[in-house]
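K.L.:
Supplied in structure tokens, the structure appears directly below.
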Amino acid sequence: MLVHTVRFGSVEVESSRVLEFPMGLPGFARIRRLAILWAESREVFWWLQAIDDPAVSFLVTDPALWVPDYEVTIRPEDSIVLGLDRSEDASVLALVSRHGDRLTANLRSPLVVNASTRRGVQVVSAESCWSLRHEIASIESPALAGVL
Amino acid sequence: MLVLSRQRDQTIMIGDDIEVTVVDIRGDRVRLGFRAPSEVPVHRKEVYEAIRRENERAAAFRGDVGRLPTPPGHEGSRETA
């Protein structure tokens, strides 16, 4: 399908790369479908582009790449929405944002996607020990040195 | 805002399929039980608001850090067209 985006112009997206979030995301309740687009750094970052709002996109990353012992608990009600029978089918993505000179990932409220149903939810947990703003890189850090 | 008085173990219906029950009252603390379809999210407001703010922050991020970093130990930077 052809997806119109502010960031990338119009892009063709296979339906197999469209995720459905039946409950939306906090702050974006009307957005139900997100297309997975490659980011510049493949296998580390992806863009999730809202299909129904060209202006909305999120940079996401796999938390386990940055925090090897990362884990998330999926509540039973979320498993029902996801149609998740086996935890192996779950993929976890964290939303990335920038706070000053820090690049952070939201490890407290990741997106959990069932790879086989392509349904997703954003985990909303009061008990998580992980940060909403886990630093994954500093603009000053060697990871970004020389690329700005 | 609609304000209703309820006692312990009494319930309020919201629409056809959402129930809110007063489970316990102790001092200035009330415990509520919720029964709702799984697709209806129920969250503490302050928790929800913190996530909403962070989501809006994430949506405002324009990828404006030059090239994106790679995780520690991840082999090389992956440049793709």
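In the structure tokens, each chain is lettered A, B, ... as it comes, each chain's residues begin at 1, and ligands are numbered from 1 in order of appearance.
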Quick one: residues within 8 Å of range 120-125 of chain A, only C-alpha atoms counted, chain neighbours fewer than 3 positions away excluded, as a list in words?
P.N.:
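Result of the neighbour search: Leu19, Glu20, Phe21, Pro22, Met23, Gly24, Leu25, Ile74, Asp78, Val81, Leu82, Arg108, Ser109, Pro110, Leu111, Val112, Val113, Asn114 and Ser128 of chain A; His43, Val47, Tyr48 and Ile51 of chain B.
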K.L.:
With a cut-off of 12 Å and counting only C-alpha atoms, select all residues of chain B in contact with chain A and give the selection as a ChimeraX atom specification.
P.N.:
/B:35-81
K.L.:
As an mmCIF file with all heavy atoms, in the first residue's frame, list the residues of chain B assigned to strand (DSSP E) by DSSP on the backbone atoms of this structure.
P.N.:
data_model
loop_
_atom_site.group_PDB
_atom_site.id
_atom_site.type_symbol
_atom_site.label_atom_id
_atom_site.label_comp_id
_atom_site.auth_asym_id
_atom_site.auth_seq_id
_atom_site.Cartn_x
_atom_site.Cartn_y
_atom_site.Cartn_z
ATOM 1 N N THR B 11 -21.084 -1.087 43.189
ATOM 2 C CA THR B 11 -20.496 -1.003 41.845
ATOM 3 C C THR B 11 -21.163 0.095 41.027
ATOM 4 O O THR B 11 -22.332 0.421 41.242
ATOM 5 C CB THR B 11 -20.655 -2.358 41.132
ATOM 6 O OG1 THR B 11 -19.915 -3.337 41.844
ATOM 7 C CG2 THR B 11 -20.140 -2.316 39.702
ATOM 8 N N ILE B 12 -20.383 0.645 40.113
ATOM 9 C CA ILE B 12 -20.909 1.598 39.126
ATOM 10 C C ILE B 12 -20.726 0.995 37.744
ATOM 11 O O ILE B 12 -19.674 0.415 37.451
ATOM 12 C CB ILE B 12 -20.155 2.941 39.239
ATOM 13 C CG1 ILE B 12 -20.586 3.647 40.531
ATOM 14 C CG2 ILE B 12 -20.411 3.815 38.027
ATOM 15 C CD1 ILE B 12 -19.736 4.819 40.895
ATOM 16 N N MET B 13 -21.735 1.107 36.914
ATOM 17 C CA MET B 13 -21.641 0.654 35.528
ATOM 18 C C MET B 13 -21.320 1.850 34.632
ATOM 19 O O MET B 13 -21.915 2.911 34.758
ATOM 20 C CB MET B 13 -22.967 0.053 35.048
ATOM 21 C CG MET B 13 -23.398 -1.222 35.738
ATOM 22 S SD MET B 13 -22.248 -2.565 35.451
ATOM 23 C CE MET B 13 -22.303 -2.713 33.661
ATOM 24 N N ILE B 14 -20.372 1.649 33.718
ATOM 25 C CA ILE B 14 -20.105 2.641 32.672
ATOM 26 C C ILE B 14 -20.426 1.967 31.350
ATOM 27 O O ILE B 14 -19.728 1.026 30.944
ATOM 28 C CB ILE B 14 -18.646 3.124 32.714
ATOM 29 C CG1 ILE B 14 -18.337 3.731 34.084
ATOM 30 C CG2 ILE B 14 -18.385 4.135 31.597
ATOM 31 C CD1 ILE B 14 -16.885 4.118 34.300
ATOM 32 N N ILE B 18 -18.522 -2.042 31.398
ATOM 33 C CA ILE B 18 -17.436 -1.593 32.278
ATOM 34 C C ILE B 18 -17.990 -1.421 33.687
ATOM 35 O O ILE B 18 -18.972 -0.710 33.889
ATOM 36 C CB ILE B 18 -16.812 -0.277 31.776
ATOM 37 C CG1 ILE B 18 -16.216 -0.495 30.378
ATOM 38 C CG2 ILE B 18 -15.765 0.236 32.753
ATOM 39 C CD1 ILE B 18 -15.688 0.761 29.726
ATOM 40 N N GLU B 19 -17.387 -2.125 34.646
ATOM 41 C CA GLU B 19 -17.818 -2.056 36.041
ATOM 42 C C GLU B 19 -16.689 -1.531 36.905
ATOM 43 O O GLU B 19 -15.537 -1.938 36.751
ATOM 44 C CB GLU B 19 -18.191 -3.457 36.562
ATOM 45 C CG GLU B 19 -19.374 -4.090 35.871
ATOM 46 C CD GLU B 19 -19.718 -5.435 36.490
ATOM 47 O OE1 GLU B 19 -19.269 -5.711 37.623
ATOM 48 O OE2 GLU B 19 -20.421 -6.206 35.824
ATOM 49 N N VAL B 20 -17.032 -0.625 37.814
ATOM 50 C CA VAL B 20 -16.066 -0.120 38.793
ATOM 51 C C VAL B 20 -16.641 -0.410 40.173
ATOM 52 O O VAL B 20 -17.734 0.056 40.504
ATOM 53 C CB VAL B 20 -15.821 1.391 38.626
ATOM 54 C CG1 VAL B 20 -14.753 1.864 39.602
ATOM 55 C CG2 VAL B 20 -15.440 1.734 37.195
ATOM 56 N N THR B 21 -15.915 -1.200 40.951
ATOM 57 C CA THR B 21 -16.399 -1.609 42.266
ATOM 58 C C THR B 21 -15.509 -1.051 43.367
ATOM 59 O O THR B 21 -14.281 -1.058 43.232
ATOM 60 C CB THR B 21 -16.403 -3.158 42.368
ATOM 61 O OG1 THR B 21 -17.218 -3.679 41.329
ATOM 62 C CG2 THR B 21 -16.932 -3.618 43.719
ATOM 63 N N VAL B 22 -16.130 -0.541 44.427
ATOM 64 C CA VAL B 22 -15.371 -0.101 45.600
ATOM 65 C C VAL B 22 -15.020 -1.357 46.395
ATOM 66 O O VAL B 22 -15.887 -2.002 46.985
ATOM 67 C CB VAL B 22 -16.190 0.874 46.463
ATOM 68 C CG1 VAL B 22 -15.379 1.295 47.701
ATOM 69 C CG2 VAL B 22 -16.598 2.094 45.648
ATOM 70 N N VAL B 23 -13.756 -1.728 46.398
ATOM 71 C CA VAL B 23 -13.322 -2.967 47.047
ATOM 72 C C VAL B 23 -13.054 -2.736 48.527
ATOM 73 O O VAL B 23 -13.390 -3.546 49.370
ATOM 74 C CB VAL B 23 -12.055 -3.513 46.343
ATOM 75 C CG1 VAL B 23 -11.515 -4.731 47.070
ATOM 76 C CG2 VAL B 23 -12.367 -3.850 44.886
ATOM 77 N N ASP B 24 -12.432 -1.584 48.834
ATOM 78 C CA ASP B 24 -12.056 -1.352 50.223
ATOM 79 C C ASP B 24 -11.864 0.152 50.436
ATOM 80 O O ASP B 24 -11.483 0.876 49.517
ATOM 81 C CB ASP B 24 -10.743 -2.095 50.536
ATOM 82 C CG ASP B 24 -10.504 -2.217 52.036
ATOM 83 O OD1 ASP B 24 -11.449 -1.944 52.815
ATOM 84 O OD2 ASP B 24 -9.381 -2.579 52.423
ATOM 85 N N ILE B 25 -12.149 0.599 51.654
ATOM 86 C CA ILE B 25 -11.922 2.000 52.014
ATOM 87 C C ILE B 25 -11.195 2.008 53.352
ATOM 88 O O ILE B 25 -11.669 1.407 54.321
ATOM 89 C CB ILE B 25 -13.256 2.769 52.178
ATOM 90 C CG1 ILE B 25 -14.117 2.648 50.920
ATOM 91 C CG2 ILE B 25 -12.983 4.242 52.493
ATOM 92 C CD1 ILE B 25 -15.560 3.075 51.125
ATOM 93 N N ARG B 26 -10.014 2.623 53.357
ATOM 94 C CA ARG B 26 -9.284 2.747 54.621
ATOM 95 C C ARG B 26 -8.708 4.141 54.721
ATOM 96 O O ARG B 26 -7.823 4.500 53.948
ATOM 97 C CB ARG B 26 -8.146 1.724 54.690
ATOM 98 C CG ARG B 26 -8.640 0.375 55.188
ATOM 99 C CD ARG B 26 -7.521 -0.605 55.411
ATOM 100 N NE ARG B 26 -8.073 -1.951 55.379
ATOM 101 C CZ ARG B 26 -7.351 -3.039 55.194
ATOM 102 N NH1 ARG B 26 -6.057 -2.953 55.028
ATOM 103 N NH2 ARG B 26 -7.926 -4.221 55.188
ATOM 104 N N ARG B 29 -7.732 6.320 51.663
ATOM 105 C CA ARG B 29 -7.331 5.464 50.551
ATOM 106 C C ARG B 29 -8.504 4.573 50.158
ATOM 107 O O ARG B 29 -9.115 3.931 51.013
ATOM 108 C CB ARG B 29 -6.176 4.596 51.004
ATOM 109 C CG ARG B 29 -5.243 4.158 49.904
ATOM 110 C CD ARG B 29 -4.028 3.484 50.527
ATOM 111 N NE ARG B 29 -3.239 2.868 49.505
ATOM 112 C CZ ARG B 29 -2.332 3.521 48.792
ATOM 113 N NH1 ARG B 29 -2.118 4.788 49.035
ATOM 114 N NH2 ARG B 29 -1.661 2.893 47.850
ATOM 115 N N VAL B 30 -8.809 4.555 48.876
ATOM 116 C CA VAL B 30 -9.882 3.694 48.399
ATOM 117 C C VAL B 30 -9.310 2.717 47.374
ATOM 118 O O VAL B 30 -8.463 3.084 46.552
ATOM 119 C CB VAL B 30 -11.041 4.543 47.804
ATOM 120 C CG1 VAL B 30 -10.555 5.440 46.680
ATOM 121 C CG2 VAL B 30 -12.158 3.667 47.301
ATOM 122 N N ARG B 31 -9.707 1.456 47.477
ATOM 123 C CA ARG B 31 -9.277 0.458 46.492
ATOM 124 C C ARG B 31 -10.439 0.174 45.560
ATOM 125 O O ARG B 31 -11.550 -0.096 46.016
ATOM 126 C CB ARG B 31 -8.824 -0.834 47.180
ATOM 127 C CG ARG B 31 -7.466 -0.692 47.848
ATOM 128 C CD ARG B 31 -7.179 -1.854 48.769
ATOM 129 N NE ARG B 31 -7.217 -3.144 48.080
ATOM 130 C CZ ARG B 31 -6.203 -3.648 47.372
ATOM 131 N NH1 ARG B 31 -5.092 -2.966 47.248
ATOM 132 N NH2 ARG B 31 -6.317 -4.822 46.798
ATOM 133 N N LEU B 32 -10.168 0.284 44.280
ATOM 134 C CA LEU B 32 -11.209 0.102 43.277
ATOM 135 C C LEU B 32 -10.909 -1.137 42.444
ATOM 136 O O LEU B 32 -9.751 -1.415 42.135
ATOM 137 C CB LEU B 32 -11.281 1.332 42.354
ATOM 138 C CG LEU B 32 -11.549 2.673 43.051
ATOM 139 C CD1 LEU B 32 -11.418 3.818 42.045
ATOM 140 C CD2 LEU B 32 -12.937 2.677 43.688
ATOM 141 N N GLY B 33 -11.954 -1.849 42.073
ATOM 142 C CA GLY B 33 -11.803 -2.964 41.150
ATOM 143 C C GLY B 33 -12.466 -2.618 39.834
ATOM 144 O O GLY B 33 -13.525 -1.982 39.803
ATOM 145 N N PHE B 34 -11.823 -3.015 38.737
ATOM 146 C CA PHE B 34 -12.337 -2.692 37.402
ATOM 147 C C PHE B 34 -12.596 -3.976 36.627
ATOM 148 O O PHE B 34 -11.777 -4.896 36.633
ATOM 149 C CB PHE B 34 -11.333 -1.834 36.623
ATOM 150 C CG PHE B 34 -11.075 -0.509 37.277
ATOM 151 C CD1 PHE B 34 -10.132 -0.395 38.291
ATOM 152 C CD2 PHE B 34 -11.786 0.617 36.907
ATOM 153 C CE1 PHE B 34 -9.905 0.818 38.914
ATOM 154 C CE2 PHE B 34 -11.563 1.829 37.527
ATOM 155 C CZ PHE B 34 -10.622 1.936 38.531
ATOM 156 N N ARG B 35 -13.721 -4.017 35.984
ATOM 157 C CA ARG B 35 -13.984 -5.110 35.052
ATOM 158 C C ARG B 35 -14.346 -4.459 33.717
ATOM 159 O O ARG B 35 -15.326 -3.704 33.648
ATOM 160 C CB ARG B 35 -15.122 -5.985 35.567
ATOM 161 C CG ARG B 35 -15.375 -7.214 34.724
ATOM 162 C CD ARG B 35 -16.289 -8.192 35.449
ATOM 163 N NE ARG B 35 -15.586 -8.837 36.559
ATOM 164 C CZ ARG B 35 -16.158 -9.136 37.728
ATOM 165 N NH1 ARG B 35 -17.407 -8.810 37.966
ATOM 166 N NH2 ARG B 35 -15.464 -9.747 38.671
#
K.L.:
Find the distance between CA of Asp52 in chain A and CA of Ile31 in chain A and write it in Å to one decimal.
P.N.:
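Going from CA of Asp52 in chain A over to CA of Ile31 in chain A, I get 6.6 Å.
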K.L.:
Figure out the distance between CA of Ser10 in chain A and CA of Ser91 in chain A, please, to one decimal in Å.
P.N.:
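Atom-to-atom, CA of Ser91 in chain A and CA of Ser10 in chain A are spaced 26.7 Å apart.
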K.L.:
Interatomic distance between CA of Thr61 in chain A and CA of Val92 in chain A?
P.N.:
8.6 Å
